[in-house]
Structures are given as structure tokens and as C-alpha cells.
2 protein chains.
Amino acid sequence: MTREIPYKIYLEESELPRHWYNVRAHMANKPAPLLNPATLEPMSVKDLEPVFCTELAKQELDETNPWIEIPEEIRNFYKMYRPAPLVRAYCLEKELDTPAKIYYKFEGNNTSGSHKLNSAIAQAYYAKKQGLKGVTTETGAGQWGTALSMACAYLDLDCQVYMVKVSYEQKPFRREVMRTYGAKVTPSPSMDTEVGRKINAEFPGTTGSLGCAISEAVEAATGQEGYRYVLGSVLSQVLLHQTVIGLETQTALDKYGIRPDMIIGCAGGGSNLGGLISPFVGEKLRGEADYQIIAVEPASCPSLTRGKFAYDFCDTGKVCPLAKMYTLGSGFIPSANHAGGLRYHGMSSIISQLYHDGLIEAVTVEQTAVFEAAQKFARVEGILPAPESSHAIRVAMDEAVKCRETGEEKTIVFGLTGTGYFDMVAYQKFNDGEMADYIPTDAELEKSFADMPKVGK
Amino acid sequence: MTREIPYKIYLEESELPRHWYNVRAHMANKPAPLLNPATLEPMSVKDLEPVFCTELAKQELDETNPWIEIPEEIRNFYKMYRPAPLVRAYCLEKELDTPAKIYYKFEGNNTSGSHKLNSAIAQAYYAKKQGLKGVTTETGAGQWGTALSMACAYLDLDCQVYMVKVSYEQKPFRREVMRTYGAKVTPSPSMDTEVGRKINAEFPGTTGSLGCAISEAVEAATGQEGYRYVLGSVLSQVLLHQTVIGLETQTALDKYGIRPDMIIGCAGGGSNLGGLISPFVGEKLRGEADYQIIAVEPASCPSLTRGKFAYDFCDTGKVCPLAKMYTLGSGFIPSANHAGGLRYHGMSSIISQLYHDGLIEAVTVEQTAVFEAAQKFARVEGILPAPESSHAIRVAMDEAVKCRETGEEKTIVFGLTGTGYFDMVAYQKFNDGEMADYIPTDAELEKSFADMPKVGK
């Protein structure tokens, strides 16, 4: 190809994907089924319906249809901020003096500041279509809650967000964005739910946890007529919706005849990583192409690299179905000094299975190195990245530097999931030289492994 | 035209303007010259050189060249976030049930969160090219300071920002973004400059003002070898650089054969408004087309609609050249309850002359109405707008509603200058129902007019 590659490859709106790609259809080893925590039987759509919309419950369990049509109304919403650009990191390449060619798929150009909106609108749409009044959810840092409140405002659907109390108080701006979009934001634990009252009574003055907020959101959904619970990561339905990221990336690359050697994404619950890599993994599974695929997780929350591949609770409250995944144990909580997201104790069961089968690799990085990469990236590429996304930046930069040393002209693609505008407290820590690294000890992990359920092998 | 108009019209990078448009070249009545405050003689390039880079001083005074080439390095920087999309507000049109067609040029898709970057990179570039070590500036809310620190980081130029002390303390996130880009951010008044020490001694515990920060930045520039002072609005050079906004808008409209009836922009110092409208005003001046052009200013700081057209000081410290402009008097400070930017007492001399000559109109809006529009816009269009930009949104919505009543299918274009992520304190006030309006009385204005210099007619 002699065609010059622009700084940003934008697709036409007509090139927006018409289907989500369901990688499970092409996996030889399917992810293990969700289990009912009481009976240990695989969950059916009927079992999931009290908590999830029917259509989403179906998507959660669908292992056979490779392509699931994106409804027109969702596509129209996507058009407000998609197709997202695939950016050629010319300035970063120059800064690193590398023969590697670096591209990133940028998902931060929307008010939620991340890729979360891709699934939020889908989940809200199916809730609306089912005639529901509203949805409930939890949020930690606030990215998912913001995305969901945007989607609900658009569809005129009630949105109730339980926000971990410490974030509610320390991230007032996130809270106000959600309120501006009409969401009811409640600090968790609250006095509105039974579980919240119980926890407040047991632990007066607690600042809350994601596990507790999940339990409150689930109780609020099942306790109100016309409400369902929605979740921003981990679930297979979420990975499905996020495949617009990878599909657009493929189309953009194809347009210029680019073949990546390496695809890199950060991994917390797996939503962005799964969305980015699924279509490429599909090519691998179908024997059409080969790519090196790298999941990057924080050293302080290393579920893939140091976790067990086993059935575990999805929430600390142990009310959700059991999932087989790489997990650190549902009681694991990363060190308080760990900045940003990627704090979940487990990993999407799709990602877990792919990793187990050797289709993807995983590495860990420490957070000061992550923020060093974030700052360098911001200065040369102009985008202030989210701490989560910066895990992928770190590894992409390291790989590009290796290319400088070996002279290889590798093509590297990574996912830039979002912007860091609401993470300036963490940046300040870094700017002030007060950021520290933390790696859990083996003894700490053994302790949280001990609490895992004894299910299957 | 039968071609379907997408949600977002993106230009190719090859369509990025190669020249800025200097509207002064086509104005029959040129803006009155800047005057030396000591001699009252028009300023020459030589007079401006101690404060501004030579090339920028030339641009400041250039009234004859209609097209000024954009250097390649600036164009490459522009490619990181430009061309910016022209968005068809389909969702807003539907929400308002209007036959009007609404478009907005969105300048918020970059880390500075606004159009300010367009001039920041140009000013930093010429400073670098002149072999300078760095630049100094002041910032209030922080948009301009952020943009300048991004540009300086890219060019490896030192950046010293004097940030009004109250903003420094109340907007720590803005401050941290600037620090992440390597800028030195000093709360003003500081103890680093003579003027800062003097003000601190006179008014112990003062929280600072923009006027004082300007004086400190100018002193810092002239007192350090290899430094110059730069400014983010009001100056004719800034409007020149900002014409990339209007030129891209023209190209995008032409591509789909769209002829706007009305162009709307918010007006503080005039940088965004001037950038957006200059190319369209040029068509009017050359008799090629006619457009209704509306400047929207806050009712609490109504320089065009209630100010005097006269020579005035550009800064409260009275150290800068005198400019003939619509002004409320350099001592005018908008009510403390006024949120967001658009707080400058005067108006770009280009915009002032165009307004005086009847080429553009001006209206005022009150801030609760502005935030109502901002919230509605955010909910249907997905973008959380800056308070400044929302002034234009308010009037665009009002005009679209008028079209609903008259049945006119007007085409409305407005400038969406930026995002409101760092303005959540103001949104919170609005969400909590605690936002109030304020309109200065005639007596208050007479008082600040009284302090204007007695120059010319």
C-alpha cells in the first residue's frame, strides 16, 4: 500500500458495525456456564430473568450465534460518538525513536469518558423495549454510572446508581455529571435497602465497597416493580456489546491494508479487552490469521497472572451466580494506594477461557510505571489517558522500545479506553512523587483463595 | 442535494486549512489601532516585541494580508485533534420538534477541552521558532492555561502560568492537568513578582484577580531572558489562529451543499466567536453571501450590548496597550455568582468593529436559562457542554423553537467551544437549585465607565 496513513482513521457512519460479534460461537472450549449458587445447576434464561432483562439474559447465555444484530436505535445512539477513531501514534513513535508502528483505538471521545457507553446504551435499550421503568446499578470510580445515566437520559428511563460512599464523597464531579443526566445517585451503603441498613448497623461509619454497592443495586432492582439490574463489565453480554471496538478497528486497519502483529488491552473485568480482541481472536480461532494478544493487568490486582481458574463468587455479598474464571477470591481487595479502576477480583469467563487455552497472554505492570507512561503519552499525543488505559500504553511503549533495540518494524495496536479528566487526584499523587507500588504477597492471595466455594474441579 | 447528512461531518486531514483567514484585510472599517498607553501613539511591531514574539507582533498588526500560511509543524499538531467535527444535532431537533436544521462545530475533543488549543500551539510555535526558552501567561478558569501547557509540552518549551489564586485552590484538577503537562503553575498574586508582592502586602489574604495575574505574567516575561507573554483571547492574532474553526465549518457545509441562515457563537473576549464567524463575515464583506450572525454574551457581563465603544485599558493593572472596543470599563468585575468564563470587561477590537458596523448582532442570556439549555443538550446530544458554550446553545434552541412556531426551516450553525468536565461545581449549583441570575444595574456600569481613559472621541 502506498496510501498515506492519516493521524486519525475515521470510518464513515455507514461503516459502523451492524452486528455485534459473539466470539463464544467460534470457541472450541466454551466458557463454563454460570451456576445457580443454591443448586449449583447451570443458570437458564428463566433463572436470570428476575435480575436481567429477558433479551440480555438470552445474550448472556448465547454460545451459538456468531453475529447478533445491533438494533437501529442503538446504532443511531452510537452515531453520536462513533465510529471512534483509530489513531496512528506518529508523535509517540517519534518520541520513542522506534521502527514500530503504533495505533490506538480511542474510546474516550464521549462524555462518559470511556468505552462503557457502548454497553450502557444496549442494556438501557433492552430495558426500555421490555417496558421497564428503570434500571439499577453500582459504580465505583463512576465511569460506568456516568455512561448508564447518559443512556437512560436519552431513552427517558429511570436510573438509580449506588455509588461507593468513599467515591461519592471524593469524586463529587462524577456524581454531578450523573445527576446532570438525571440519575438518582445514592452513597452506598445507604439506609434505602435492607442490606445497606444491615451493613451500616454492623459497621458504623463504613465508607462502603463495590461488593456492598452491588448487593444494594440488586436488592433495589428486584424489590421495585419494573426495574432490572445492569452491570458494566465481566458479563458476556457486556463483552458482546463492546465488540464494536474491535470490529471498527478491523475495518479501519483493512481500509489501509494494515496487519497488526500485536494487540494490547488493559484488563479489569475484561469488558474493553474482550471488546477489542474478540474479532481478532475469532480470526485466530477460525485459522484465518495469527496475532500476539496481550492482556495487561495491574500488579496489585493480578487475577489472570496470579489467580486460580475456578468457580468463584462474582460479588463479595455472594448473591450473584457463580462463574468459572481466573480469580483472586471474592474477598480480595486491592491495596488502597491502587489508583483507578481494574480492581475486580475476577475476570470475564470468556477472557479467562481464552487465556487458559493459550489464545492470549497476560502481563502485569506497576502503577508508577503506568503513570510515567501516561504522562509521556499525554505530552506527545495530546490525550490525557485514564489510569486504566495507561496500563496498555505502558506495555505498548515497552514493546515499541524493544523494536528499537531489535530493529523489528512491528505493528502494535492498543486500546485507549478513556480519558483521565476525573482521575486528577491520582495524577496529583504522581506529580507530587507520592505514588507507591504495591504487589500482594503469596500469603495474602492464599488467604483470599481460601474463601472460594468448593465447586467442580 | 440528496446526499444523506451524517450525524458528524468529518473532513479528511488533507482538508485541514492551509491558511488562517485575516478578516481585517476585507474590512472597510479597520479596527482602531492599539495605542501606546504612555504616548497614545499607535503601537508598532517594535513596540510590541519586548512582550510578544516578533512573528506574533506582526500578525497582531497585519491588516492587509487576507491569508496567512499555517506552518507545517502547527498543521501536524492540529492533526492530533482536528479537523473537528461539524455535528448535525438530529437528536436536539427531534427533542425540540423543530423544522430547523441545527449544526454545531464541536471544539471540545481535546484534552484542553476547548478551542483554546488552536491558538496556544501557534503562539508556542512562534516562540520556539524565535529561539525562546519559554512563555508566561495567566489563566482564570484554566482552559487557556491547560491548552498552553499542552502546546509547550509538545514543543519542549517552558510554560509558566499565573493562575488566579481562588481558581488555583478551587480547581485543583485543572491545576494538575497543567502540571502533568509540565507547566509551572503559580497561584496569583504570588511572592515571585514585584507586582505580586505589592498586592499581597496591600491586600493580605486576597484571592487574586485576572487583572493581577496578567500583570504578574507580563512582569515575569519581560524580567526573564528568553521569555515572552502570550494571551488566549481578545487579541487579533488569537482570532486569526481561531479561524480554523470557521474555515473547517465552511468546508464541511460546502461538502453537503448546506447554506446556513444563522451563525451563533458565545462571546467573552471574542476568540471563539471571531474564529467561527470570520470566514462567513468575509463572504458578507465581499458581497458573496449574507448570514445572520449572533454574538451571545452573559447578561452579567454585557460588553457588546451595554458597553461603550471607546478606547480602554485591556487589563485592570493598566500596563497593556489601549484598545478601542466595546467595554464595561477595566474595573468591571462580573458578580461572583456568575459561573464559567466570558468574564472579560472588553471585547476583541475586530468583533467590536464588526458589531459597530452592523455586520453582526448581539444578545444576552441569563445563566439559569443557559444551564437549563446545557442540561437538555447534554441529555439528548450526549455532550456535556462548557458553561461558556451553553450560551450559544441557549440561543440556538430559542431560534429553533421560533422556527417551530413559524414553520421556517432555517439552518442554524453554532459553535460548541468546549466541554464542561471541569465546571461541575457550577453544574452542582444548578442541580441543587442554588443558581441565581445577576444583571448589573445602570448605576454600576456608570461607575466602571467613569474610570475609562479619556482618549480619542
# chains A, B, ... in the order shown; residues from 1 in each chain; ligands from 1
$ residues_around --residues "A:Pro321" --least-positions-apart "4" --cutoff "8 Å" --atoms "only C-alpha atoms" --output "PyMOL selection string"
chain A and resi 34-37+43+313-314
$ residues_around --residues "A:Gly418" --least-positions-apart "6" --cutoff "7 Å" --atoms "only C-alpha atoms" --output "list in words"
Glu107, Gly108, Gly113, Ser114, His115, Pro385, Ala386 and Ser389 of chain A
$ write_last_selection --atoms "N, CA and C atoms" --output "PDB file, in the first residue's frame"
ATOM      1  N   GLU A 107     -11.410   5.429  22.663  1.00  0.00           N
ATOM      2  CA  GLU A 107     -12.822   5.334  23.075  1.00  0.00           C
ATOM      3  C   GLU A 107     -13.230   6.446  24.044  1.00  0.00           C
ATOM      4  N   GLY A 108     -12.379   7.451  24.191  1.00  0.00           N
ATOM      5  CA  GLY A 108     -12.656   8.465  25.216  1.00  0.00           C
ATOM      6  C   GLY A 108     -13.444   9.679  24.753  1.00  0.00           C
ATOM      7  N   GLY A 113     -16.519   9.415  29.024  1.00  0.00           N
ATOM      8  CA  GLY A 113     -15.056   9.388  29.033  1.00  0.00           C
ATOM      9  C   GLY A 113     -14.457   8.018  28.802  1.00  0.00           C
ATOM     10  N   SER A 114     -15.277   7.057  28.403  1.00  0.00           N
ATOM     11  CA  SER A 114     -14.744   5.707  28.198  1.00  0.00           C
ATOM     12  C   SER A 114     -15.643   4.898  27.276  1.00  0.00           C
ATOM     13  N   HIS A 115     -15.198   3.652  27.040  1.00  0.00           N
ATOM     14  CA  HIS A 115     -15.939   2.708  26.212  1.00  0.00           C
ATOM     15  C   HIS A 115     -17.237   2.227  26.874  1.00  0.00           C
ATOM     16  N   PRO A 385      -4.661  10.287  29.317  1.00  0.00           N
ATOM     17  CA  PRO A 385      -5.344   8.987  29.371  1.00  0.00           C
ATOM     18  C   PRO A 385      -5.838   8.630  30.774  1.00  0.00           C
ATOM     19  N   ALA A 386      -6.866   7.799  30.830  1.00  0.00           N
ATOM     20  CA  ALA A 386      -7.314   7.241  32.100  1.00  0.00           C
ATOM     21  C   ALA A 386      -6.220   6.335  32.646  1.00  0.00           C
ATOM     22  N   SER A 389      -6.470   2.809  31.075  1.00  0.00           N
ATOM     23  CA  SER A 389      -5.949   2.734  29.712  1.00  0.00           C
ATOM     24  C   SER A 389      -4.421   2.768  29.694  1.00  0.00           C
TER      25      SER A 389
END
$ closest_residue --among "A:Ser149, A:Ser44, A:Thr137, A:Ser215" --to "chain B" --atoms "only C-alpha atoms"
A:Ser149
$ select_by_dssp --residues "stretch 285-369 of chain B" --states "alpha helix (DSSP H)" --output "PyMOL selection string"
chain B and resi 285+303-306+349-356+367-369
$ residues_around --residues "A:Asn272" --least-positions-apart "2" --cutoff "7 Å" --atoms "only C-alpha atoms" --output "list of chain:residue names"
A:His115, A:Gln242, A:Gly270, A:Gly274, A:Gly275, A:Leu276, A:Thr417
$ residues_around --residues "A:Thr368" --least-positions-apart "5" --cutoff "9 Å" --atoms "only C-alpha atoms" --output "list in words"
Ala373, Phe430, Met435, Ala436 and Asp437 of chain A
$ residues_around --residues "stretch 181-188 of chain B" --least-positions-apart "6" --cutoff "8 Å" --atoms "only C-alpha atoms" --output "MDAnalysis selection string"
(chainID A and resid 375 378:379) or (chainID B and resid 149:150 153 158:165 168 175 196 207:209 212:213 216)
$ write_last_selection --atoms "N, CA, C and O atoms" --output "CSV table (one decimal), in the first residue's frame"
chain,number,residue,atom,x,y,z
A,375,GLN,N,2.0,10.0,31.5
A,375,GLN,CA,2.4,11.4,31.3
A,375,GLN,C,3.1,11.6,30.0
A,375,GLN,O,2.9,12.6,29.3
A,378,ALA,N,0.6,11.6,27.3
A,378,ALA,CA,-0.2,12.9,27.3
A,378,ALA,C,0.6,14.0,26.6
A,378,ALA,O,0.1,14.8,25.8
A,379,ARG,N,1.9,14.1,26.9
A,379,ARG,CA,2.7,15.2,26.4
A,379,ARG,C,2.9,15.1,24.9
A,379,ARG,O,2.9,16.1,24.2
B,149,SER,N,-0.1,24.7,28.2
B,149,SER,CA,0.8,23.8,28.7
B,149,SER,C,0.9,22.6,27.8
B,149,SER,O,2.0,22.0,27.6
B,150,MET,N,-0.2,22.2,27.2
B,150,MET,CA,-0.1,21.1,26.2
B,150,MET,C,0.8,21.5,25.0
B,150,MET,O,1.6,20.7,24.6
B,153,ALA,N,4.4,21.5,26.1
B,153,ALA,CA,5.0,20.2,26.4
B,153,ALA,C,5.4,19.6,25.0
B,153,ALA,O,6.4,19.0,24.9
B,158,ASP,N,9.4,25.9,28.0
B,158,ASP,CA,9.0,26.2,29.4
B,158,ASP,C,7.7,27.0,29.4
B,158,ASP,O,7.5,27.9,28.6
B,159,CYS,N,6.8,26.6,30.3
B,159,CYS,CA,5.5,27.3,30.4
B,159,CYS,C,5.2,27.7,31.9
B,159,CYS,O,5.2,26.8,32.8
B,160,GLN,N,5.0,29.0,32.1
B,160,GLN,CA,4.8,29.5,33.4
B,160,GLN,C,3.4,30.1,33.4
B,160,GLN,O,3.1,31.1,32.7
B,161,VAL,N,2.5,29.6,34.3
B,161,VAL,CA,1.1,30.0,34.3
B,161,VAL,C,0.8,30.6,35.7
B,161,VAL,O,1.0,30.0,36.7
B,162,TYR,N,0.4,31.9,35.6
B,162,TYR,CA,-0.1,32.5,36.8
B,162,TYR,C,-1.6,32.3,36.9
B,162,TYR,O,-2.4,32.8,36.1
B,163,MET,N,-2.0,31.5,37.9
B,163,MET,CA,-3.5,31.1,38.0
B,163,MET,C,-4.1,31.9,39.1
B,163,MET,O,-3.6,31.9,40.3
B,164,VAL,N,-5.2,32.6,38.8
B,164,VAL,CA,-5.9,33.3,39.9
B,164,VAL,C,-6.0,32.4,41.1
B,164,VAL,O,-6.5,31.3,41.0
B,165,LYS,N,-5.6,32.9,42.3
B,165,LYS,CA,-5.5,32.1,43.5
B,165,LYS,C,-6.8,31.3,43.8
B,165,LYS,O,-6.7,30.1,44.2
B,168,TYR,N,-7.0,28.4,41.6
B,168,TYR,CA,-5.9,27.5,41.9
B,168,TYR,C,-6.3,26.6,43.0
B,168,TYR,O,-6.1,25.4,43.0
B,175,ARG,N,-5.4,22.5,37.6
B,175,ARG,CA,-4.0,22.8,38.0
B,175,ARG,C,-3.2,21.5,37.8
B,175,ARG,O,-2.1,21.6,37.2
B,196,GLY,N,3.2,41.2,42.4
B,196,GLY,CA,2.5,40.2,43.3
B,196,GLY,C,2.8,40.5,44.7
B,196,GLY,O,1.9,40.5,45.6
B,207,THR,N,-7.7,36.8,47.2
B,207,THR,CA,-7.8,35.6,46.4
B,207,THR,C,-7.4,35.8,44.9
B,207,THR,O,-7.5,34.9,44.1
B,208,GLY,N,-7.0,37.0,44.6
B,208,GLY,CA,-6.5,37.3,43.3
B,208,GLY,C,-7.6,37.7,42.3
B,208,GLY,O,-8.8,37.6,42.5
B,209,SER,N,-7.1,38.2,41.1
B,209,SER,CA,-8.0,38.5,40.0
B,209,SER,C,-7.2,38.3,38.7
B,209,SER,O,-6.0,38.2,38.7
B,212,CYS,N,-4.7,41.0,38.0
B,212,CYS,CA,-3.4,40.9,38.7
B,212,CYS,C,-2.6,39.8,38.1
B,212,CYS,O,-1.3,40.0,38.0
B,213,ALA,N,-3.2,38.7,37.7
B,213,ALA,CA,-2.4,37.6,37.1
B,213,ALA,C,-1.8,38.0,35.8
B,213,ALA,O,-0.6,37.7,35.5
B,216,GLU,N,1.3,40.0,36.6
B,216,GLU,CA,2.4,39.2,37.1
B,216,GLU,C,3.0,38.4,35.9
B,216,GLU,O,4.2,38.3,35.8
$ closest_residue --among "B:Val51, B:Lys46, B:Pro31, B:Val166" --to "B:Met347" --atoms "only C-alpha atoms"
B:Pro31
$ atom_distance --atom1 "atom CA of B:Leu231" --atom2 "atom CA of B:Thr243"
16.3 Å
